[in-house]
Each structure stands twice: as C-alpha cells, then as structure tokens.
Amino acid sequence: MEEYIVDNGLSGGADNPDMISLAELKKADLDGMVILLSSDQESVYSQLRCQLLEIVSREQIVDVFSPSMYFDGNVYRDQKIYEDIRYATLDCAAREIYCNGVEGHVAECGVYKGAFSRAINMLLPDRKLYLFDTFEGFDERDNIDSDSGTFSSYDFSDTTVDMVLDEIGRHADIVVRKGYFPETAKGLEEERFALVSLDTDLYQPILAGLEFFWPRMNPGGVIFVHDFGGLDGVRKAVVEFCQREHVGYVRIPDSCHTVILSKPL
Ligand SMILES: C[S@@+](CC[C@H](N)C(=O)[O-])C[C@H]1O[C@@H](n2cnc3c(N)ncnc32)[C@H](O)[C@@H]1O
C-alpha cells in the first residue's frame, strides 16, 4: 500500500522528505485512493478541498474533521458569529446535506457584503456558489416603499463584487450574477441546488426567489429565508408561496426570525 503526505503549499515541507506537492500527487495512481483531509485553518481547508476535487472524486475524500469544524473552533468564536442561531442552523443544515448525500450548488440571493455567503462557502466548500445581487442596493421595480414605510431608508449600495470576493476568498468556485433578480437567473433553469439563502428583504424578489429555486432544489435541499419575522413583505411572500405550493416552513428564533423550507428527501 502506498501512502503520501500531501501539502498544497509544502509548508514545512523542506524538513520532511516524505511530503509531496499536489502536483506530484497527480502523477500517482489515484484510482481507489482515499484522501484524509485535514487542516486547522479554514481557508487552507477549503482551498485544499477544491484543489483535490479537480483530481479525485468527492467520495475519495474523507473529512478527518467535520466539514463544519470551524464553527466549533476559534475562527468564528472570535467574531461571536456562532452565537447567532441563524449561523448555527446553517451549520446543521450543511451537516445534513453531507450526511444525506444531497448534491447540487449553493446560492445566496441578496448578498450585500457577503457575510452569510462566506459562511455558506465555508460550510459547503466543495459546492459551486452562485451570488445574486444588484451590488447597488434595492431596485425601484420592487415597490420598496409599499413593503415598509421606512424601508427605503436602508441603503445596501456600499458594496462591490470585488469586496465580496475578497470576503469569501478568491479560491472558491463562485459565479456572480450581478443585476436585478429574477432577470439574473436566466440561463440557469437546468441547474440544481442543495442550499439557498434568500435575503433580499422585499416581497417581489423573495417570491421570485422561491418560485425560481424551489423547483430546482434537490431532495433534502433547504432554502433559508431571512427576515420572515421582521419584514411584512417577506412574510407575505413566504406564506403566499407555501400555501399555493403546499410547502411547509419552520421559523427559527434568530434575531430576524428566518424560516426554513425543506425539500422532502
Ligand atoms: C439585507 S441585504 C443582504 C445581507 C446579506 N445576506 C448578509 O447576510 O450579509 C439585502 C440585499 O438584497 C439585494 N437585493 C434586493 N432586491 C434585489 C433584487 N431584486 N435583485 C438583486 N438584488 C437585490 C440588495 O442589493 C442587498 O444587497
């Protein structure tokens, strides 16, 4: 049996003659090889996973730690993000997606500066991540004022695609769809998804998001809809869609009362 110690950056490799690079690993017989993936740095972990998936299948990679180990570690504890039930629920949803072998891309519609998109990418690093946003704030076509009298005072225009890519990490497999949703979903009708976050705050894009993504969720896939408890337009869109399509939803007690829609396995 052949064994290799592999490092994509060869950190400390100079002192360890048994360590090889990913490029050298590619030359080995990869059929039937099992790869134990481990790193204590989240960015290195995601990067390695993406690089390995270019040369071996997903089934050949064994996570020595849980793919979501970072939520148990220091990375997010420092930022106090783990305290937010929404992130903890995302962590659980990602674990179930891996446990149940749910295939498909991940997406966020309503990205702003990319905080939640980054968490999605960290927890599901081997998935293509679609990002939908104007990156210029709300669009007048969405009847901003009718959803909430005060809502138009929110300004989400102080972001850019570059800023978001810096936040998530440029190694990730990311497709940015900049512009007005649902127009930006054109051409993606054949894609399938495992996890989607809808966080556009307004009735029209939330309803459009449910109508586009729900039929494209794989069995076991989940949709997070943020602000159900805080914004009337979001609640109206979810209830209207779920009643019409006979879909159940569960409300979680995070700060903005997100709801989760889960596609039957
Ligand atoms: C509340 S922010 C998203 C926050 C982000 N998910 C987070 O957790 O940090 C709402 C975003 O939705 C975007 N948005 C709202 N309506 C949209 C539409 N119809 N098409 C594209 N983007 C939209 C806005 O530009 C804004 O960036």
# chains A, B, ... in the order shown; residues from 1 in each chain; ligands from 1

call {"tool": "residues_near_ligand", "arguments": {"ligand": "ligand 1", "cutoff": "10 Å", "atoms": "only C-alpha atoms and all ligand atoms", "output": "PDB file with N, CA and C atoms, in the first residue's frame"}}
result
ATOM      1  N   ARG A  86     -28.957  31.728  13.509  1.00  0.00           N
ATOM      2  CA  ARG A  86     -29.034  31.546  12.050  1.00  0.00           C
ATOM      3  C   ARG A  86     -27.803  30.810  11.522  1.00  0.00           C
ATOM      4  N   TYR A  87     -26.633  31.183  12.027  1.00  0.00           N
ATOM      5  CA  TYR A  87     -25.395  30.540  11.571  1.00  0.00           C
ATOM      6  C   TYR A  87     -25.303  29.107  12.099  1.00  0.00           C
ATOM      7  N   GLU A 108     -26.767  32.352  -2.790  1.00  0.00           N
ATOM      8  CA  GLU A 108     -27.409  33.377  -1.961  1.00  0.00           C
ATOM      9  C   GLU A 108     -27.962  34.441  -2.899  1.00  0.00           C
ATOM     10  N   CYS A 109     -29.215  34.808  -2.656  1.00  0.00           N
ATOM     11  CA  CYS A 109     -29.850  35.882  -3.406  1.00  0.00           C
ATOM     12  C   CYS A 109     -30.063  37.015  -2.406  1.00  0.00           C
ATOM     13  N   GLY A 110     -29.305  38.097  -2.549  1.00  0.00           N
ATOM     14  CA  GLY A 110     -29.256  39.148  -1.529  1.00  0.00           C
ATOM     15  C   GLY A 110     -27.977  38.950  -0.729  1.00  0.00           C
ATOM     16  N   VAL A 111     -26.881  39.408  -1.297  1.00  0.00           N
ATOM     17  CA  VAL A 111     -25.538  39.088  -0.776  1.00  0.00           C
ATOM     18  C   VAL A 111     -24.974  40.222   0.067  1.00  0.00           C
ATOM     19  N   TYR A 112     -25.234  41.437  -0.364  1.00  0.00           N
ATOM     20  CA  TYR A 112     -24.678  42.665   0.223  1.00  0.00           C
ATOM     21  C   TYR A 112     -23.142  42.548   0.300  1.00  0.00           C
ATOM     22  N   LYS A 113     -22.552  42.488   1.509  1.00  0.00           N
ATOM     23  CA  LYS A 113     -21.081  42.428   1.585  1.00  0.00           C
ATOM     24  C   LYS A 113     -20.547  40.997   1.700  1.00  0.00           C
ATOM     25  N   GLY A 114     -21.477  40.020   1.695  1.00  0.00           N
ATOM     26  CA  GLY A 114     -21.036  38.630   1.606  1.00  0.00           C
ATOM     27  C   GLY A 114     -20.823  37.899   2.919  1.00  0.00           C
ATOM     28  N   ALA A 115     -21.320  38.427   4.032  1.00  0.00           N
ATOM     29  CA  ALA A 115     -21.076  37.764   5.324  1.00  0.00           C
ATOM     30  C   ALA A 115     -21.699  36.368   5.374  1.00  0.00           C
ATOM     31  N   PHE A 116     -22.971  36.269   5.004  1.00  0.00           N
ATOM     32  CA  PHE A 116     -23.622  34.958   5.080  1.00  0.00           C
ATOM     33  C   PHE A 116     -23.157  34.057   3.922  1.00  0.00           C
ATOM     34  N   SER A 117     -22.895  34.665   2.779  1.00  0.00           N
ATOM     35  CA  SER A 117     -22.370  33.879   1.639  1.00  0.00           C
ATOM     36  C   SER A 117     -21.048  33.228   2.022  1.00  0.00           C
ATOM     37  N   ARG A 118     -20.242  33.940   2.778  1.00  0.00           N
ATOM     38  CA  ARG A 118     -18.953  33.401   3.214  1.00  0.00           C
ATOM     39  C   ARG A 118     -19.159  32.171   4.092  1.00  0.00           C
ATOM     40  N   ALA A 119     -20.138  32.262   4.988  1.00  0.00           N
ATOM     41  CA  ALA A 119     -20.412  31.119   5.860  1.00  0.00           C
ATOM     42  C   ALA A 119     -20.913  29.930   5.039  1.00  0.00           C
ATOM     43  N   LEU A 131     -23.956  33.787  -6.565  1.00  0.00           N
ATOM     44  CA  LEU A 131     -24.267  35.003  -5.814  1.00  0.00           C
ATOM     45  C   LEU A 131     -25.102  35.939  -6.680  1.00  0.00           C
ATOM     46  N   PHE A 132     -26.296  36.261  -6.181  1.00  0.00           N
ATOM     47  CA  PHE A 132     -27.200  37.152  -6.914  1.00  0.00           C
ATOM     48  C   PHE A 132     -27.387  38.443  -6.122  1.00  0.00           C
ATOM     49  N   ASP A 133     -27.091  39.552  -6.723  1.00  0.00           N
ATOM     50  CA  ASP A 133     -27.341  40.853  -6.090  1.00  0.00           C
ATOM     51  C   ASP A 133     -27.152  41.927  -7.146  1.00  0.00           C
ATOM     52  N   THR A 134     -27.812  43.056  -6.929  1.00  0.00           N
ATOM     53  CA  THR A 134     -27.522  44.211  -7.798  1.00  0.00           C
ATOM     54  C   THR A 134     -26.135  44.746  -7.475  1.00  0.00           C
ATOM     55  N   PHE A 135     -25.705  44.514  -6.214  1.00  0.00           N
ATOM     56  CA  PHE A 135     -24.494  45.125  -5.641  1.00  0.00           C
ATOM     57  C   PHE A 135     -24.580  46.653  -5.723  1.00  0.00           C
ATOM     58  N   GLU A 136     -25.812  47.136  -5.868  1.00  0.00           N
ATOM     59  CA  GLU A 136     -26.045  48.597  -5.897  1.00  0.00           C
ATOM     60  C   GLU A 136     -27.262  48.947  -5.044  1.00  0.00           C
ATOM     61  N   GLY A 137     -27.706  47.999  -4.201  1.00  0.00           N
ATOM     62  CA  GLY A 137     -28.877  48.251  -3.360  1.00  0.00           C
ATOM     63  C   GLY A 137     -30.174  47.864  -4.058  1.00  0.00           C
ATOM     64  N   PHE A 138     -31.294  48.283  -3.466  1.00  0.00           N
ATOM     65  CA  PHE A 138     -32.611  47.894  -3.984  1.00  0.00           C
ATOM     66  C   PHE A 138     -32.853  48.468  -5.375  1.00  0.00           C
ATOM     67  N   ASP A 139     -33.783  47.801  -6.078  1.00  0.00           N
ATOM     68  CA  ASP A 139     -34.167  48.257  -7.410  1.00  0.00           C
ATOM     69  C   ASP A 139     -35.589  48.828  -7.325  1.00  0.00           C
ATOM     70  N   GLU A 140     -35.806  49.941  -7.964  1.00  0.00           N
ATOM     71  CA  GLU A 140     -37.115  50.617  -7.873  1.00  0.00           C
ATOM     72  C   GLU A 140     -38.274  49.748  -8.345  1.00  0.00           C
ATOM     73  N   ARG A 141     -37.990  48.788  -9.198  1.00  0.00           N
ATOM     74  CA  ARG A 141     -39.061  47.916  -9.695  1.00  0.00           C
ATOM     75  C   ARG A 141     -39.701  47.094  -8.576  1.00  0.00           C
ATOM     76  N   ASP A 142     -39.055  47.011  -7.418  1.00  0.00           N
ATOM     77  CA  ASP A 142     -39.552  46.140  -6.346  1.00  0.00           C
ATOM     78  C   ASP A 142     -40.470  46.832  -5.337  1.00  0.00           C
ATOM     79  N   ILE A 144     -40.336  49.289  -3.213  1.00  0.00           N
ATOM     80  CA  ILE A 144     -39.664  49.331  -1.919  1.00  0.00           C
ATOM     81  C   ILE A 144     -40.559  49.940  -0.839  1.00  0.00           C
ATOM     82  N   TYR A 154     -33.017  52.141   4.106  1.00  0.00           N
ATOM     83  CA  TYR A 154     -31.881  51.213   4.137  1.00  0.00           C
ATOM     84  C   TYR A 154     -31.116  51.336   2.834  1.00  0.00           C
ATOM     85  N   ASP A 155     -29.806  51.441   2.958  1.00  0.00           N
ATOM     86  CA  ASP A 155     -29.002  51.590   1.751  1.00  0.00           C
ATOM     87  C   ASP A 155     -27.969  50.466   1.715  1.00  0.00           C
ATOM     88  N   PHE A 156     -28.099  49.603   0.725  1.00  0.00           N
ATOM     89  CA  PHE A 156     -27.157  48.489   0.598  1.00  0.00           C
ATOM     90  C   PHE A 156     -26.244  48.698  -0.622  1.00  0.00           C
ATOM     91  N   SER A 157     -26.044  49.954  -0.977  1.00  0.00           N
ATOM     92  CA  SER A 157     -25.259  50.203  -2.192  1.00  0.00           C
ATOM     93  C   SER A 157     -23.751  50.306  -1.921  1.00  0.00           C
ATOM     94  N   ASP A 158     -23.364  50.293  -0.638  1.00  0.00           N
ATOM     95  CA  ASP A 158     -21.930  50.466  -0.334  1.00  0.00           C
ATOM     96  C   ASP A 158     -21.195  49.124  -0.350  1.00  0.00           C
ATOM     97  N   THR A 159     -21.321  48.435  -1.476  1.00  0.00           N
ATOM     98  CA  THR A 159     -20.622  47.161  -1.651  1.00  0.00           C
ATOM     99  C   THR A 159     -20.204  47.030  -3.108  1.00  0.00           C
ATOM    100  N   THR A 160     -19.315  46.097  -3.380  1.00  0.00           N
ATOM    101  CA  THR A 160     -18.918  45.822  -4.770  1.00  0.00           C
ATOM    102  C   THR A 160     -18.660  44.322  -4.886  1.00  0.00           C
ATOM    103  N   ARG A 177     -23.782  36.708 -10.270  1.00  0.00           N
ATOM    104  CA  ARG A 177     -24.838  37.177 -11.170  1.00  0.00           C
ATOM    105  C   ARG A 177     -25.264  38.568 -10.705  1.00  0.00           C
ATOM    106  N   LYS A 178     -24.601  39.570 -11.224  1.00  0.00           N
ATOM    107  CA  LYS A 178     -24.862  40.949 -10.786  1.00  0.00           C
ATOM    108  C   LYS A 178     -26.031  41.525 -11.587  1.00  0.00           C
ATOM    109  N   GLY A 179     -26.974  42.142 -10.890  1.00  0.00           N
ATOM    110  CA  GLY A 179     -28.108  42.767 -11.573  1.00  0.00           C
ATOM    111  C   GLY A 179     -29.403  42.447 -10.873  1.00  0.00           C
ATOM    112  N   TYR A 180     -30.478  42.698 -11.576  1.00  0.00           N
ATOM    113  CA  TYR A 180     -31.816  42.589 -10.982  1.00  0.00           C
ATOM    114  C   TYR A 180     -32.308  41.130 -11.005  1.00  0.00           C
ATOM    115  N   PHE A 181     -32.578  40.595  -9.829  1.00  0.00           N
ATOM    116  CA  PHE A 181     -33.164  39.261  -9.737  1.00  0.00           C
ATOM    117  C   PHE A 181     -34.670  39.411  -9.833  1.00  0.00           C
ATOM    118  N   PRO A 182     -35.383  38.609 -10.639  1.00  0.00           N
ATOM    119  CA  PRO A 182     -35.010  37.320 -11.207  1.00  0.00           C
ATOM    120  C   PRO A 182     -34.391  37.345 -12.602  1.00  0.00           C
ATOM    121  N   GLU A 183     -34.178  38.537 -13.168  1.00  0.00           N
ATOM    122  CA  GLU A 183     -33.591  38.552 -14.525  1.00  0.00           C
ATOM    123  C   GLU A 183     -32.249  37.832 -14.563  1.00  0.00           C
ATOM    124  N   THR A 184     -31.493  37.938 -13.467  1.00  0.00           N
ATOM    125  CA  THR A 184     -30.135  37.366 -13.431  1.00  0.00           C
ATOM    126  C   THR A 184     -30.136  35.836 -13.294  1.00  0.00           C
ATOM    127  N   ALA A 185     -31.325  35.255 -13.145  1.00  0.00           N
ATOM    128  CA  ALA A 185     -31.390  33.786 -13.051  1.00  0.00           C
ATOM    129  C   ALA A 185     -31.550  33.156 -14.432  1.00  0.00           C
ATOM    130  N   SER A 197     -29.930  30.657   0.197  1.00  0.00           N
ATOM    131  CA  SER A 197     -30.350  31.698   1.153  1.00  0.00           C
ATOM    132  C   SER A 197     -31.015  32.827   0.366  1.00  0.00           C
ATOM    133  N   LEU A 198     -32.247  33.159   0.751  1.00  0.00           N
ATOM    134  CA  LEU A 198     -32.946  34.305   0.151  1.00  0.00           C
ATOM    135  C   LEU A 198     -32.957  35.424   1.176  1.00  0.00           C
ATOM    136  N   ASP A 199     -32.314  36.527   0.852  1.00  0.00           N
ATOM    137  CA  ASP A 199     -32.171  37.621   1.826  1.00  0.00           C
ATOM    138  C   ASP A 199     -32.241  38.961   1.114  1.00  0.00           C
ATOM    139  N   THR A 200     -33.346  39.129   0.346  1.00  0.00           N
ATOM    140  CA  THR A 200     -33.484  40.369  -0.427  1.00  0.00           C
ATOM    141  C   THR A 200     -34.439  41.362   0.229  1.00  0.00           C
ATOM    142  N   ASP A 201     -35.040  40.993   1.328  1.00  0.00           N
ATOM    143  CA  ASP A 201     -35.818  41.903   2.188  1.00  0.00           C
ATOM    144  C   ASP A 201     -37.193  42.317   1.672  1.00  0.00           C
ATOM    145  N   LEU A 202     -37.451  42.148   0.394  1.00  0.00           N
ATOM    146  CA  LEU A 202     -38.684  42.691  -0.193  1.00  0.00           C
ATOM    147  C   LEU A 202     -39.566  41.582  -0.772  1.00  0.00           C
ATOM    148  N   TYR A 203     -40.863  41.876  -0.829  1.00  0.00           N
ATOM    149  CA  TYR A 203     -41.846  40.890  -1.287  1.00  0.00           C
ATOM    150  C   TYR A 203     -41.496  40.301  -2.660  1.00  0.00           C
ATOM    151  N   GLN A 204     -41.298  41.169  -3.628  1.00  0.00           N
ATOM    152  CA  GLN A 204     -41.146  40.663  -5.007  1.00  0.00           C
ATOM    153  C   GLN A 204     -39.931  39.754  -5.209  1.00  0.00           C
ATOM    154  N   PRO A 205     -38.728  40.177  -4.817  1.00  0.00           N
ATOM    155  CA  PRO A 205     -37.590  39.268  -5.060  1.00  0.00           C
ATOM    156  C   PRO A 205     -37.616  38.019  -4.172  1.00  0.00           C
ATOM    157  N   ILE A 206     -38.258  38.096  -2.985  1.00  0.00           N
ATOM    158  CA  ILE A 206     -38.361  36.880  -2.167  1.00  0.00           C
ATOM    159  C   ILE A 206     -39.298  35.887  -2.867  1.00  0.00           C
ATOM    160  N   ALA A 208     -40.069  35.793  -6.032  1.00  0.00           N
ATOM    161  CA  ALA A 208     -39.400  35.342  -7.266  1.00  0.00           C
ATOM    162  C   ALA A 208     -38.324  34.309  -6.945  1.00  0.00           C
ATOM    163  N   GLY A 209     -37.636  34.486  -5.816  1.00  0.00           N
ATOM    164  CA  GLY A 209     -36.591  33.541  -5.406  1.00  0.00           C
ATOM    165  C   GLY A 209     -37.189  32.182  -5.083  1.00  0.00           C
ATOM    166  N   VAL A 225     -34.961  31.630   4.383  1.00  0.00           N
ATOM    167  CA  VAL A 225     -35.498  32.959   4.038  1.00  0.00           C
ATOM    168  C   VAL A 225     -35.338  33.857   5.261  1.00  0.00           C
ATOM    169  N   HIS A 226     -34.504  34.851   5.121  1.00  0.00           N
ATOM    170  CA  HIS A 226     -34.200  35.733   6.248  1.00  0.00           C
ATOM    171  C   HIS A 226     -35.299  36.788   6.420  1.00  0.00           C
ATOM    172  N   ASP A 227     -35.437  37.299   7.627  1.00  0.00           N
ATOM    173  CA  ASP A 227     -36.321  38.441   7.929  1.00  0.00           C
ATOM    174  C   ASP A 227     -37.808  38.130   7.890  1.00  0.00           C
TER     175      ASP A 227
END

call {"tool": "residues_around", "arguments": {"residues": "Gly104 of chain A", "least_positions_apart": "3", "cutoff": "6 Å", "atoms": "only C-alpha atoms", "output": "list of chain:residue names"}}
result
A:Arg192, A:Phe193, A:Ala194

call {"tool": "write_last_selection", "arguments": {"atoms": "N, CA and C atoms", "output": "PDB file, in the first residue's frame"}}
result
ATOM      1  N   ARG A 192     -29.271  22.635 -10.453  1.00  0.00           N
ATOM      2  CA  ARG A 192     -29.942  22.080  -9.255  1.00  0.00           C
ATOM      3  C   ARG A 192     -29.164  22.510  -8.017  1.00  0.00           C
ATOM      4  N   PHE A 193     -29.894  22.697  -6.925  1.00  0.00           N
ATOM      5  CA  PHE A 193     -29.306  23.302  -5.732  1.00  0.00           C
ATOM      6  C   PHE A 193     -29.523  22.430  -4.491  1.00  0.00           C
ATOM      7  N   ALA A 194     -28.574  22.563  -3.549  1.00  0.00           N
ATOM      8  CA  ALA A 194     -28.683  21.859  -2.265  1.00  0.00           C
ATOM      9  C   ALA A 194     -29.062  22.829  -1.150  1.00  0.00           C
TER      10      ALA A 194
END

call {"tool": "atom_distance", "arguments": {"atom1": "atom CA of Asn218 of chain A", "atom2": "atom CA of Val56 of chain A"}}
result
23.3 Å

call {"tool": "select_by_dssp", "arguments": {"residues": "segment 103-134 of chain A", "states": "alpha helix (DSSP H)", "output": "number ranges by chain"}}
result
A: 115-123

call {"tool": "residues_around", "arguments": {"residues": "Val239 of chain A", "least_positions_apart": "2", "cutoff": "12 Å", "atoms": "only C-alpha atoms", "output": "PyMOL selection string"}}
result
chain A and resi 203+206-207+210+225+228-229+232-237+241-251+259+261

call {"tool": "atom_distance", "arguments": {"atom1": "atom CA of Asp91 of chain A", "atom2": "atom CA of Glu59 of chain A"}}
result
20.9 Å

call {"tool": "residues_around", "arguments": {"residues": "Ile61 of chain A", "least_positions_apart": "5", "cutoff": "8 Å", "atoms": "only C-alpha atoms", "output": "tab-separated table (two decimals) with C-alpha atoms, in the first residue's frame"}}
result
chain	number	residue	atom	x	y	z
A	34	VAL	CA	-8.51	7.50	-0.15
A	35	ILE	CA	-7.56	11.02	0.88
A	36	LEU	CA	-7.76	12.05	4.52
A	37	LEU	CA	-8.28	15.81	4.50
A	56	VAL	CA	-10.27	12.84	-7.36

call {"tool": "select_by_dssp", "arguments": {"residues": "segment 2-220 of chain A", "states": "strand (DSSP E)", "output": "CSV table (one decimal) with C-alpha atoms, in the first residue's frame"}}
result
chain,number,residue,atom,x,y,z
A,5,ILE,CA,1.7,13.1,2.9
A,6,VAL,CA,0.5,15.9,0.7
A,19,MET,CA,5.9,15.3,1.9
A,20,ILE,CA,4.9,15.8,-1.7
A,35,ILE,CA,-7.6,11.0,0.9
A,36,LEU,CA,-7.8,12.1,4.5
A,37,LEU,CA,-8.3,15.8,4.5
A,61,ILE,CA,-12.1,12.5,0.2
A,62,VAL,CA,-12.7,11.7,3.9
A,63,ASP,CA,-13.0,14.7,6.2
A,105,HIS,CA,-25.0,24.0,-6.0
A,106,VAL,CA,-25.4,26.6,-3.2
A,107,ALA,CA,-26.6,30.1,-3.7
A,108,GLU,CA,-27.4,33.4,-2.0
A,109,CYS,CA,-29.8,35.9,-3.4
A,129,LEU,CA,-21.6,29.2,-5.1
A,130,TYR,CA,-24.0,31.4,-7.0
A,131,LEU,CA,-24.3,35.0,-5.8
A,132,PHE,CA,-27.2,37.2,-6.9
A,133,ASP,CA,-27.3,40.9,-6.1
A,174,ILE,CA,-18.1,31.3,-7.4
A,175,VAL,CA,-20.4,32.6,-10.1
A,176,VAL,CA,-21.5,36.2,-9.6
A,177,ARG,CA,-24.8,37.2,-11.2
A,178,LYS,CA,-24.9,40.9,-10.8
A,193,PHE,CA,-29.3,23.3,-5.7
A,194,ALA,CA,-28.7,21.9,-2.3
A,195,LEU,CA,-28.9,25.1,-0.2
A,196,VAL,CA,-30.1,28.5,-1.0
A,197,SER,CA,-30.3,31.7,1.2
A,198,LEU,CA,-32.9,34.3,0.2
A,217,MET,CA,-33.9,22.1,-5.0
A,218,ASN,CA,-32.7,18.5,-4.9
A,219,PRO,CA,-34.4,16.2,-2.4
A,220,GLY,CA,-33.0,17.1,1.0

call {"tool": "atom_distance", "arguments": {"atom1": "atom CA of Gln60 of chain A", "atom2": "atom CA of Leu265 of chain A"}}
result
23.8 Å

call {"tool": "closest_residue", "arguments": {"among": "A:Gly221, A:Ala23, A:His257, A:Glu240", "to": "Cys99 of chain A", "atoms": "only C-alpha atoms"}}
result
A:Gly221
